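Peer 1: My questions all concern the structure below.
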There are 2 protein chains.
Amino acid sequence: MNQIKIFCPATVANLSCGFDVLGLCLEGIGDEMIIRKCEQKGLRITKITGADLPLETEKNVAGVAGMALLNHLDLEFGFELEIHKKIKAGSGIGSSSASAAGIVVGINEILGNPLSRKELISFAMEGEFLASGSYHADNVAPAILGGFTLVRGYDPLEVIKINSPKDIYLTIIHPYIEVKTSEARSILPKEIPLKTAITQWGNLGGFICGLYTEDYGLMSRCLQDVVAEPYRKNLIPEFDTIKKTALENGALGCGISGSGPSIFAMSKGKDTAENVANQMKQIYTKTGIGFDVYVSKVCDMGVKFV
Amino acid sequence: MNQIKIFCPATVANLSCGFDVLGLCLEGIGDEMIIRKCEQKGLRITKITGADLPLETEKNVAGVAGMALLNHLDLEFGFELEIHKKIKAGSGIGSSSASAAGIVVGINEILGNPLSRKELISFAMEGEFLASGSYHADNVAPAILGGFTLVRGYDPLEVIKINSPKDIYLTIIHPYIEVKTSEARSILPKEIPLKTAITQWGNLGGFICGLYTEDYGLMSRCLQDVVAEPYRKNLIPEFDTIKKTALENGALGCGISGSGPSIFAMSKGKDTAENVANQMKQIYTKTGIGFDVYVSKVCDMGVKFV
């Protein structure tokens with residue numbers, strides 16, 4: 001195989017109770033990439049559409065992630081890359097992660113999969129480091145593995161793919177406002193009450209039990225964030241109204257996607273998720289702020305070949 | 001049925017990564033109780049062996065838990081109770097919980113089980129309140145439900161019974177020293193770094209994944225306590241030596257049982273657990289401090305009828 005076209009999925013990190021550890025992969029929202037094997041060593045980005053991103057490999061998230069993998073593999077040939085961005089940068093649904101995940105899975109596939117998907121995560125994290133200045137896997141892990149993932153820890157990196165109940169749909173609203181990841185970080189307290197931490201990890205534990213036993217009621221009761229949401233929600237206009245309305249309309253839970261500004265609602269079944277989408281649209285139309293709304297199943301595959 | 005003899009199991013709470021939320025039920029260690037239906041309303045404790053505990057219902061953990069249930073049920077008759085304590089008070093393996101759990105499950109059984117086991121937990125918690133001054137379920141939940149349990153939260157109370165892999169054995173060493181629960185509580189900081197909390201809930205999440213997927217390696221990597229153990233271990237002589245030796249001898253993990261002074265090691269298979277028990281004995285014999293050592297499977301049933 002010399003050329004491959006791939007779908008690089010958007011992802012939702014944190015999921016209310018799983019701050020910095022949980023994430024899931026979306027099905028219908030993502031970028032496209034075309035990767036071509038070529039004689040010249042290294043990785044060259046030949047085309048980018050949909051976003052104003054640098055073509056220089058060392059300044060591009062996909063470029064850096066791809067080169068981290070190529071340096072590890074030490075090949076006698078190289079690759080060319082076209083990036084067609086659909087996920088808006090800074091939306092909070094893993095735009096940089098999609099690029100970083102896509103390139104490493106794509107190159108690995110062309111090579112006949114010398115590495116496992118789990119092994120690819122650390123290379124994609126190099127791209128995340130370029131984008132955000134920190135090594136984190138809460139978006140690249142679900143983008144690469146699909147489904148629901150837990151980043152157990154980083155020393156060494158361990159990611160667990162959790163069971164993904166079939167009937168879960170996400171509604172995402174992306175308001176066109178900027179929430180800088182650095183601001184979303186700095187707004188959080190460095191220390192939290194032990195009692196608050198216990199509440200959070202009780203809910204995280206319960207949510208994971210809910211995923212394995214496919215107990216939607218339990219998942220719903222656990223989708224609470226007592227750590228980040230109380231601070232970060234103030235950065236997102238109408239967050240409380242969106243959340244209240246989503247829950248009143250049958251969503252299992254609703255919270256901030258990653259560090260925002262996107263808001264996710266999780267529902268059982270497509271009808272509920274679409275109803276929630278309509279409600280979200282009505283609320284945001286009144287604000288005058290531009291927005292996108294998506295409805296998507298959880299994608300159990302991660303990066304896909306088109 | 002007018003009389004019942006029951007086995008009231010010891011339990012291990014916290015389990016390193018699950019501070020205040022996780023617990024498990026032991027098989028071979030526990031008290032015995034005999035409960036008799038009688039004409040006179042209320043609950044009378046007629047005999048206690050094995051411990052110097054009050055016979056007055058309102059001062060006795062089992063008495064208070066039993067009366068909480070009887071007041072709820074509003075019966076035209078009452079019960080008599082004999083308590084034969086085997087679990088030492090203050091050992092850190094749920095002595096008071098065993099009594100509180102036993103009486104409520106026993107009375108419920110005599111009555112033909114009007115309540116579910118999960119519904120009984122809140123009544124047993126009244127006994128825990130008498131014993132410790134706080135309502136907590138991390139020992140009574142596994143004593144009543146058996147296996148591994150997660151207390152998701154208290155508002156309202158929700159307890160989840162997690163899958164219990166068949167091959168898990170516990171080694172428990174109970175050093176004859178006093179660790180007051182109040183001291184073990186006050187020694188902990190009221191606030192913890194957010195980073196520390198994330199490490200803890202990553203491990204808790206991973207451990208629960210390990211229980212469902214029966215991945216012993218994953219469970220082992222997750223059995224870490226960065227919250228309570230660094231403080232509480234100083235209250236237990238030779239804790240570090242016991243832990244290091246248990247891990248070197250194949251235990252999956254080792255930590256403080258509840259708030260101590262008992263130390264638990266978790267192993268895959270009975271042989272490893274017994275080897276760890278022998279190593280623990282050797283270490284503690286040198287200290288001159290008296291101790292008991294137990295090896296037990298996880299009991300998936302909770303309170304049992306003899």
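Each chain in the structure tokens gets a letter, A, B and so on, in the order shown; residues start at 1 in every chain, and ligands are counted from 1 in the order they appear.
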Please give chain B as an mmCIF file with C-alpha atoms, in the first residue's frame, after it has been superposed on chain A by least squares over all Cα atoms paired in order.
Peer 2:
data_model
loop_
_atom_site.group_PDB
_atom_site.id
_atom_site.type_symbol
_atom_site.label_atom_id
_atom_site.label_comp_id
_atom_site.auth_asym_id
_atom_site.auth_seq_id
_atom_site.Cartn_x
_atom_site.Cartn_y
_atom_site.Cartn_z
ATOM 1 C CA MET B 1 0.021 -0.013 0.021
ATOM 2 C CA ASN B 2 1.423 3.389 -0.999
ATOM 3 C CA GLN B 3 -1.430 5.787 -0.267
ATOM 4 C CA ILE B 4 -4.196 5.950 2.265
ATOM 5 C CA LYS B 5 -7.148 8.233 2.947
ATOM 6 C CA ILE B 6 -8.190 8.422 6.555
ATOM 7 C CA PHE B 7 -10.882 9.859 8.777
ATOM 8 C CA CYS B 8 -9.496 11.508 11.923
ATOM 9 C CA PRO B 9 -12.275 11.716 14.511
ATOM 10 C CA ALA B 10 -13.141 14.458 16.947
ATOM 11 C CA THR B 11 -13.168 13.466 20.613
ATOM 12 C CA VAL B 12 -14.675 14.568 23.905
ATOM 13 C CA ALA B 13 -12.343 14.608 26.904
ATOM 14 C CA ASN B 14 -13.105 14.785 30.643
ATOM 15 C CA LEU B 15 -16.771 13.738 30.388
ATOM 16 C CA SER B 16 -17.722 15.552 33.599
ATOM 17 C CA CYS B 17 -16.606 13.008 36.208
ATOM 18 C CA GLY B 18 -13.392 11.991 34.422
ATOM 19 C CA PHE B 19 -11.329 15.165 34.519
ATOM 20 C CA ASP B 20 -8.003 14.603 32.732
ATOM 21 C CA VAL B 21 -8.540 10.826 32.405
ATOM 22 C CA LEU B 22 -11.722 9.961 30.458
ATOM 23 C CA GLY B 23 -12.436 10.522 26.791
ATOM 24 C CA LEU B 24 -14.610 9.246 23.965
ATOM 25 C CA CYS B 25 -14.427 9.122 20.186
ATOM 26 C CA LEU B 26 -17.087 10.683 17.953
ATOM 27 C CA GLU B 27 -18.300 9.115 14.745
ATOM 28 C CA GLY B 28 -19.485 11.762 12.337
ATOM 29 C CA ILE B 29 -17.160 14.662 13.112
ATOM 30 C CA GLY B 30 -13.565 14.604 11.938
ATOM 31 C CA ASP B 31 -10.841 15.650 9.521
ATOM 32 C CA GLU B 32 -9.623 13.850 6.412
ATOM 33 C CA MET B 33 -6.012 13.141 5.589
ATOM 34 C CA ILE B 34 -4.289 11.625 2.599
ATOM 35 C CA ILE B 35 -0.913 10.053 3.285
ATOM 36 C CA ARG B 36 1.408 8.963 0.470
ATOM 37 C CA LYS B 37 4.597 6.952 0.714
ATOM 38 C CA CYS B 38 7.469 8.541 -1.222
ATOM 39 C CA GLU B 39 11.195 8.057 -1.799
ATOM 40 C CA GLN B 40 12.374 11.106 0.079
ATOM 41 C CA LYS B 41 12.890 10.484 3.773
ATOM 42 C CA GLY B 42 10.884 12.438 6.354
ATOM 43 C CA LEU B 43 7.416 13.932 6.193
ATOM 44 C CA ARG B 44 6.289 16.790 3.964
ATOM 45 C CA ILE B 45 2.919 18.498 4.238
ATOM 46 C CA THR B 46 1.852 19.267 0.675
ATOM 47 C CA LYS B 47 -1.607 20.716 1.216
ATOM 48 C CA ILE B 48 -3.864 21.956 3.983
ATOM 49 C CA THR B 49 -7.503 22.943 3.444
ATOM 50 C CA GLY B 50 -10.098 24.118 5.957
ATOM 51 C CA ALA B 51 -7.701 25.852 8.317
ATOM 52 C CA ASP B 52 -4.810 28.290 8.321
ATOM 53 C CA LEU B 53 -2.131 25.951 9.678
ATOM 54 C CA PRO B 54 1.631 25.864 9.017
ATOM 55 C CA LEU B 55 2.899 23.628 6.226
ATOM 56 C CA GLU B 56 6.303 23.351 7.936
ATOM 57 C CA THR B 57 6.504 19.867 9.394
ATOM 58 C CA GLU B 58 8.132 20.981 12.630
ATOM 59 C CA LYS B 59 5.459 23.621 13.294
ATOM 60 C CA ASN B 60 2.495 21.410 12.445
ATOM 61 C CA VAL B 61 0.853 19.083 14.984
ATOM 62 C CA ALA B 62 0.509 16.232 12.477
ATOM 63 C CA GLY B 63 4.029 16.919 11.251
ATOM 64 C CA VAL B 64 5.564 16.679 14.704
ATOM 65 C CA ALA B 65 3.581 13.559 15.660
ATOM 66 C CA GLY B 66 4.433 11.908 12.331
ATOM 67 C CA MET B 67 8.127 12.740 12.632
ATOM 68 C CA ALA B 68 8.211 11.321 16.180
ATOM 69 C CA LEU B 69 6.987 8.029 14.736
ATOM 70 C CA LEU B 70 9.313 8.158 11.719
ATOM 71 C CA ASN B 71 12.335 8.876 13.928
ATOM 72 C CA HIS B 72 11.429 5.845 16.010
ATOM 73 C CA LEU B 73 10.993 3.602 12.962
ATOM 74 C CA ASP B 74 14.106 4.841 11.109
ATOM 75 C CA LEU B 75 12.854 4.116 7.559
ATOM 76 C CA GLU B 76 14.633 4.373 4.184
ATOM 77 C CA PHE B 77 11.713 6.297 2.679
ATOM 78 C CA GLY B 78 9.260 9.012 3.678
ATOM 79 C CA PHE B 79 5.717 10.339 3.380
ATOM 80 C CA GLU B 80 3.663 13.201 1.985
ATOM 81 C CA LEU B 81 0.597 14.470 3.746
ATOM 82 C CA GLU B 82 -2.564 16.352 2.773
ATOM 83 C CA ILE B 83 -4.686 17.653 5.647
ATOM 84 C CA HIS B 84 -8.327 18.568 5.144
ATOM 85 C CA LYS B 85 -9.460 20.105 8.442
ATOM 86 C CA LYS B 86 -13.132 19.971 9.344
ATOM 87 C CA ILE B 87 -12.769 20.273 13.131
ATOM 88 C CA LYS B 88 -12.266 23.894 14.107
ATOM 89 C CA ALA B 89 -9.175 24.719 16.124
ATOM 90 C CA GLY B 90 -9.926 25.653 19.723
ATOM 91 C CA SER B 91 -13.388 24.093 19.680
ATOM 92 C CA GLY B 92 -12.710 21.734 22.577
ATOM 93 C CA ILE B 93 -13.408 18.557 20.650
ATOM 94 C CA GLY B 94 -9.838 17.556 19.935
ATOM 95 C CA SER B 95 -8.868 19.324 16.712
ATOM 96 C CA SER B 96 -5.122 18.950 17.245
ATOM 97 C CA SER B 97 -5.567 15.407 18.550
ATOM 98 C CA ALA B 98 -7.378 14.366 15.396
ATOM 99 C CA SER B 99 -4.374 15.456 13.308
ATOM 100 C CA ALA B 100 -1.841 13.875 15.661
ATOM 101 C CA ALA B 101 -3.785 10.629 15.900
ATOM 102 C CA GLY B 102 -4.495 10.456 12.166
ATOM 103 C CA ILE B 103 -0.922 10.732 10.955
ATOM 104 C CA VAL B 104 0.489 8.060 13.269
ATOM 105 C CA VAL B 105 -2.322 5.563 12.611
ATOM 106 C CA GLY B 106 -2.094 6.284 8.848
ATOM 107 C CA ILE B 107 1.662 5.800 8.546
ATOM 108 C CA ASN B 108 1.464 2.666 10.710
ATOM 109 C CA GLU B 109 -1.262 1.262 8.422
ATOM 110 C CA ILE B 110 0.759 1.904 5.244
ATOM 111 C CA LEU B 111 3.678 0.062 6.869
ATOM 112 C CA GLY B 112 1.521 -2.965 7.694
ATOM 113 C CA ASN B 113 1.002 -2.065 11.341
ATOM 114 C CA PRO B 114 4.404 -2.656 12.952
ATOM 115 C CA LEU B 115 3.046 -1.009 16.119
ATOM 116 C CA SER B 116 -0.172 -1.599 18.033
ATOM 117 C CA ARG B 117 -2.674 1.234 18.321
ATOM 118 C CA LYS B 118 -1.813 1.606 22.011
ATOM 119 C CA GLU B 119 1.866 1.975 21.132
ATOM 120 C CA LEU B 120 1.039 4.812 18.745
ATOM 121 C CA ILE B 121 -0.438 7.014 21.469
ATOM 122 C CA SER B 122 2.872 8.321 22.816
ATOM 123 C CA PHE B 123 3.922 9.512 19.334
ATOM 124 C CA ALA B 124 0.634 11.358 18.856
ATOM 125 C CA MET B 125 1.244 13.005 22.239
ATOM 126 C CA GLU B 126 4.263 14.768 20.716
ATOM 127 C CA GLY B 127 1.784 16.600 18.497
ATOM 128 C CA GLU B 128 -0.338 17.478 21.519
ATOM 129 C CA PHE B 129 2.753 18.866 23.199
ATOM 130 C CA LEU B 130 3.320 21.200 20.243
ATOM 131 C CA ALA B 131 -0.321 22.321 20.373
ATOM 132 C CA SER B 132 -0.685 22.868 24.107
ATOM 133 C CA GLY B 133 2.744 22.741 25.732
ATOM 134 C CA SER B 134 1.865 19.655 27.769
ATOM 135 C CA TYR B 135 1.925 15.932 27.161
ATOM 136 C CA HIS B 136 -1.584 14.629 27.550
ATOM 137 C CA ALA B 137 -3.478 11.707 26.076
ATOM 138 C CA ASP B 138 -7.102 12.338 26.991
ATOM 139 C CA ASN B 139 -8.001 13.227 23.386
ATOM 140 C CA VAL B 140 -5.442 11.273 21.342
ATOM 141 C CA ALA B 141 -6.226 8.055 23.231
ATOM 142 C CA PRO B 142 -9.909 7.892 22.227
ATOM 143 C CA ALA B 143 -9.059 9.218 18.721
ATOM 144 C CA ILE B 144 -6.650 6.304 18.216
ATOM 145 C CA LEU B 145 -8.407 3.510 20.130
ATOM 146 C CA GLY B 146 -12.042 4.532 19.648
ATOM 147 C CA GLY B 147 -14.858 4.140 22.155
ATOM 148 C CA PHE B 148 -14.402 5.253 25.748
ATOM 149 C CA THR B 149 -10.867 5.393 27.088
ATOM 150 C CA LEU B 150 -9.274 5.926 30.476
ATOM 151 C CA VAL B 151 -5.770 7.345 30.833
ATOM 152 C CA ARG B 152 -4.774 5.530 34.014
ATOM 153 C CA GLY B 153 -1.463 7.319 34.324
ATOM 154 C CA TYR B 154 1.582 8.668 32.539
ATOM 155 C CA ASP B 155 4.476 7.098 34.414
ATOM 156 C CA PRO B 156 4.530 4.922 32.370
ATOM 157 C CA LEU B 157 1.674 5.798 29.998
ATOM 158 C CA GLU B 158 -1.223 3.382 30.374
ATOM 159 C CA VAL B 159 -4.477 3.726 28.498
ATOM 160 C CA ILE B 160 -7.439 1.397 28.952
ATOM 161 C CA LYS B 161 -10.216 0.983 26.417
ATOM 162 C CA ILE B 162 -13.477 0.638 28.332
ATOM 163 C CA ASN B 163 -16.623 -1.104 27.137
ATOM 164 C CA SER B 164 -18.742 1.205 25.001
ATOM 165 C CA PRO B 165 -22.535 0.711 25.257
ATOM 166 C CA LYS B 166 -24.093 0.695 21.789
ATOM 167 C CA ASP B 167 -26.869 3.168 22.356
ATOM 168 C CA ILE B 168 -24.944 6.251 23.453
ATOM 169 C CA TYR B 169 -25.243 9.410 21.356
ATOM 170 C CA LEU B 170 -23.558 12.728 21.880
ATOM 171 C CA THR B 171 -24.910 16.180 21.123
ATOM 172 C CA ILE B 172 -22.182 18.792 20.808
ATOM 173 C CA ILE B 173 -22.639 22.531 20.596
ATOM 174 C CA HIS B 174 -19.594 24.560 19.615
ATOM 175 C CA PRO B 175 -20.099 28.267 20.323
ATOM 176 C CA TYR B 176 -17.790 30.477 18.258
ATOM 177 C CA ILE B 177 -15.964 31.932 21.214
ATOM 178 C CA GLU B 178 -12.376 31.474 22.273
ATOM 179 C CA VAL B 179 -11.507 29.671 25.495
ATOM 180 C CA LYS B 180 -7.747 29.406 25.759
ATOM 181 C CA THR B 181 -6.635 26.072 27.213
ATOM 182 C CA SER B 182 -4.098 27.956 29.315
ATOM 183 C CA GLU B 183 -6.852 30.140 30.806
ATOM 184 C CA ALA B 184 -9.132 27.136 31.343
ATOM 185 C CA ARG B 185 -6.204 25.544 33.204
ATOM 186 C CA SER B 186 -5.195 28.563 35.269
ATOM 187 C CA ILE B 187 -8.758 29.191 36.414
ATOM 188 C CA LEU B 188 -8.741 25.879 38.325
ATOM 189 C CA PRO B 189 -7.495 25.747 41.908
ATOM 190 C CA LYS B 190 -4.189 23.915 42.401
ATOM 191 C CA GLU B 191 -5.600 22.188 45.471
ATOM 192 C CA ILE B 192 -9.077 20.788 46.030
ATOM 193 C CA PRO B 193 -10.822 19.658 49.211
ATOM 194 C CA LEU B 194 -10.300 15.941 49.849
ATOM 195 C CA LYS B 195 -14.082 15.641 50.208
ATOM 196 C CA THR B 196 -14.578 17.090 46.724
ATOM 197 C CA ALA B 197 -12.005 14.687 45.298
ATOM 198 C CA ILE B 198 -13.827 11.738 46.908
ATOM 199 C CA THR B 199 -17.117 12.874 45.365
ATOM 200 C CA GLN B 200 -15.444 13.103 41.953
ATOM 201 C CA TRP B 201 -13.748 9.686 42.105
ATOM 202 C CA GLY B 202 -16.920 8.055 43.452
ATOM 203 C CA ASN B 203 -18.683 9.327 40.334
ATOM 204 C CA LEU B 204 -15.833 8.329 38.016
ATOM 205 C CA GLY B 205 -15.800 4.839 39.504
ATOM 206 C CA GLY B 206 -19.564 4.570 39.188
ATOM 207 C CA PHE B 207 -19.506 5.802 35.587
ATOM 208 C CA ILE B 208 -16.987 3.119 34.627
ATOM 209 C CA CYS B 209 -19.168 0.491 36.332
ATOM 210 C CA GLY B 210 -22.062 1.884 34.297
ATOM 211 C CA LEU B 211 -20.117 1.517 31.041
ATOM 212 C CA TYR B 212 -19.247 -2.129 31.760
ATOM 213 C CA THR B 213 -22.738 -3.081 32.941
ATOM 214 C CA GLU B 214 -24.446 -0.847 30.345
ATOM 215 C CA ASP B 215 -26.505 0.743 33.107
ATOM 216 C CA TYR B 216 -27.604 4.057 31.597
ATOM 217 C CA GLY B 217 -29.266 5.239 34.815
ATOM 218 C CA LEU B 218 -26.043 4.755 36.738
ATOM 219 C CA MET B 219 -24.036 6.533 34.037
ATOM 220 C CA SER B 220 -26.476 9.424 34.236
ATOM 221 C CA ARG B 221 -26.195 9.773 38.021
ATOM 222 C CA CYS B 222 -22.401 9.759 37.734
ATOM 223 C CA LEU B 223 -22.094 12.433 35.032
ATOM 224 C CA GLN B 224 -21.288 15.179 37.539
ATOM 225 C CA ASP B 225 -18.249 17.411 37.665
ATOM 226 C CA VAL B 226 -17.509 19.014 41.025
ATOM 227 C CA VAL B 227 -13.908 19.851 40.084
ATOM 228 C CA ALA B 228 -13.625 21.804 36.822
ATOM 229 C CA GLU B 229 -17.150 22.716 35.749
ATOM 230 C CA PRO B 230 -17.912 25.087 38.655
ATOM 231 C CA TYR B 231 -15.005 27.273 37.451
ATOM 232 C CA ARG B 232 -14.946 26.747 33.710
ATOM 233 C CA LYS B 233 -18.662 27.090 33.059
ATOM 234 C CA ASN B 234 -18.326 30.821 33.624
ATOM 235 C CA LEU B 235 -16.238 31.022 30.434
ATOM 236 C CA ILE B 236 -19.121 29.638 28.331
ATOM 237 C CA PRO B 237 -22.227 31.795 27.736
ATOM 238 C CA GLU B 238 -25.534 30.097 28.593
ATOM 239 C CA PHE B 239 -23.825 26.971 29.964
ATOM 240 C CA ASP B 240 -26.316 26.568 32.823
ATOM 241 C CA THR B 241 -29.319 27.020 30.528
ATOM 242 C CA ILE B 242 -27.967 24.522 27.999
ATOM 243 C CA LYS B 243 -27.287 21.968 30.727
ATOM 244 C CA LYS B 244 -30.636 22.375 32.462
ATOM 245 C CA THR B 245 -32.476 22.107 29.145
ATOM 246 C CA ALA B 246 -30.491 19.061 28.004
ATOM 247 C CA LEU B 247 -31.267 17.226 31.257
ATOM 248 C CA GLU B 248 -34.941 18.251 31.140
ATOM 249 C CA ASN B 249 -35.106 16.820 27.631
ATOM 250 C CA GLY B 250 -33.810 13.423 28.634
ATOM 251 C CA ALA B 251 -30.031 13.671 28.298
ATOM 252 C CA LEU B 252 -28.109 11.382 30.641
ATOM 253 C CA GLY B 253 -25.685 14.177 31.397
ATOM 254 C CA CYS B 254 -24.258 17.426 30.094
ATOM 255 C CA GLY B 255 -20.920 19.114 30.637
ATOM 256 C CA ILE B 256 -17.939 20.878 29.143
ATOM 257 C CA SER B 257 -16.110 19.081 26.326
ATOM 258 C CA GLY B 258 -12.412 19.143 27.163
ATOM 259 C CA SER B 259 -11.624 22.633 28.358
ATOM 260 C CA GLY B 260 -14.441 24.102 26.249
ATOM 261 C CA PRO B 261 -15.999 26.090 24.737
ATOM 262 C CA SER B 262 -17.923 23.129 23.287
ATOM 263 C CA ILE B 263 -20.608 21.627 25.500
ATOM 264 C CA PHE B 264 -21.556 17.958 25.216
ATOM 265 C CA ALA B 265 -24.754 16.198 26.188
ATOM 266 C CA MET B 266 -24.823 12.409 26.394
ATOM 267 C CA SER B 267 -28.069 10.610 25.597
ATOM 268 C CA LYS B 268 -29.443 7.133 25.232
ATOM 269 C CA GLY B 269 -30.668 6.886 21.654
ATOM 270 C CA LYS B 270 -30.494 9.129 18.626
ATOM 271 C CA ASP B 271 -33.959 10.673 19.024
ATOM 272 C CA THR B 272 -33.144 12.118 22.427
ATOM 273 C CA ALA B 273 -29.783 13.404 21.177
ATOM 274 C CA GLU B 274 -31.458 15.133 18.221
ATOM 275 C CA ASN B 275 -34.141 16.658 20.386
ATOM 276 C CA VAL B 276 -31.417 17.980 22.696
ATOM 277 C CA ALA B 277 -29.653 19.391 19.621
ATOM 278 C CA ASN B 278 -32.775 21.310 18.626
ATOM 279 C CA GLN B 279 -33.153 22.726 22.122
ATOM 280 C CA MET B 280 -29.496 23.796 22.161
ATOM 281 C CA LYS B 281 -29.905 25.540 18.814
ATOM 282 C CA GLN B 282 -32.906 27.496 20.084
ATOM 283 C CA ILE B 283 -31.022 28.680 23.160
ATOM 284 C CA TYR B 284 -27.905 29.717 21.270
ATOM 285 C CA THR B 285 -29.741 31.396 18.393
ATOM 286 C CA LYS B 286 -30.990 33.948 20.938
ATOM 287 C CA THR B 287 -27.460 34.835 22.055
ATOM 288 C CA GLY B 288 -26.342 36.107 18.674
ATOM 289 C CA ILE B 289 -23.152 34.054 19.038
ATOM 290 C CA GLY B 290 -22.404 31.797 16.074
ATOM 291 C CA PHE B 291 -22.327 28.075 16.734
ATOM 292 C CA ASP B 292 -22.293 24.557 15.277
ATOM 293 C CA VAL B 293 -24.335 21.680 16.627
ATOM 294 C CA TYR B 294 -23.502 18.024 15.955
ATOM 295 C CA VAL B 295 -25.159 14.735 16.852
ATOM 296 C CA SER B 296 -22.901 11.690 16.800
ATOM 297 C CA LYS B 297 -22.732 8.115 17.976
ATOM 298 C CA VAL B 298 -19.673 6.989 19.869
ATOM 299 C CA CYS B 299 -17.242 5.569 17.320
ATOM 300 C CA ASP B 300 -15.765 2.329 18.605
ATOM 301 C CA MET B 301 -12.993 2.258 15.972
ATOM 302 C CA GLY B 302 -11.010 5.472 16.294
ATOM 303 C CA VAL B 303 -9.122 6.670 13.197
ATOM 304 C CA LYS B 304 -10.710 4.972 10.149
ATOM 305 C CA PHE B 305 -9.634 4.267 6.587
ATOM 306 C CA VAL B 306 -11.917 5.724 3.942
#
Peer 1: Determine which residues of stretch 49-295 of chain B DSSP labels as helix (DSSP H, G or I) from the backbone of this structure, then write them out as a PyMOL selection string.
Peer 2: chain B and resi 57-59+61-73+95-110+117-132+140-145+181-186+194-213+216-222+229-235+239-248+270-287
Peer 1: Got a sec to tell me which of stretch 174-262 of chain B DSSP assigns to strand (DSSP E), as a PyMOL selection string?
Peer 2: chain B and resi 174-175+191-193+253-256
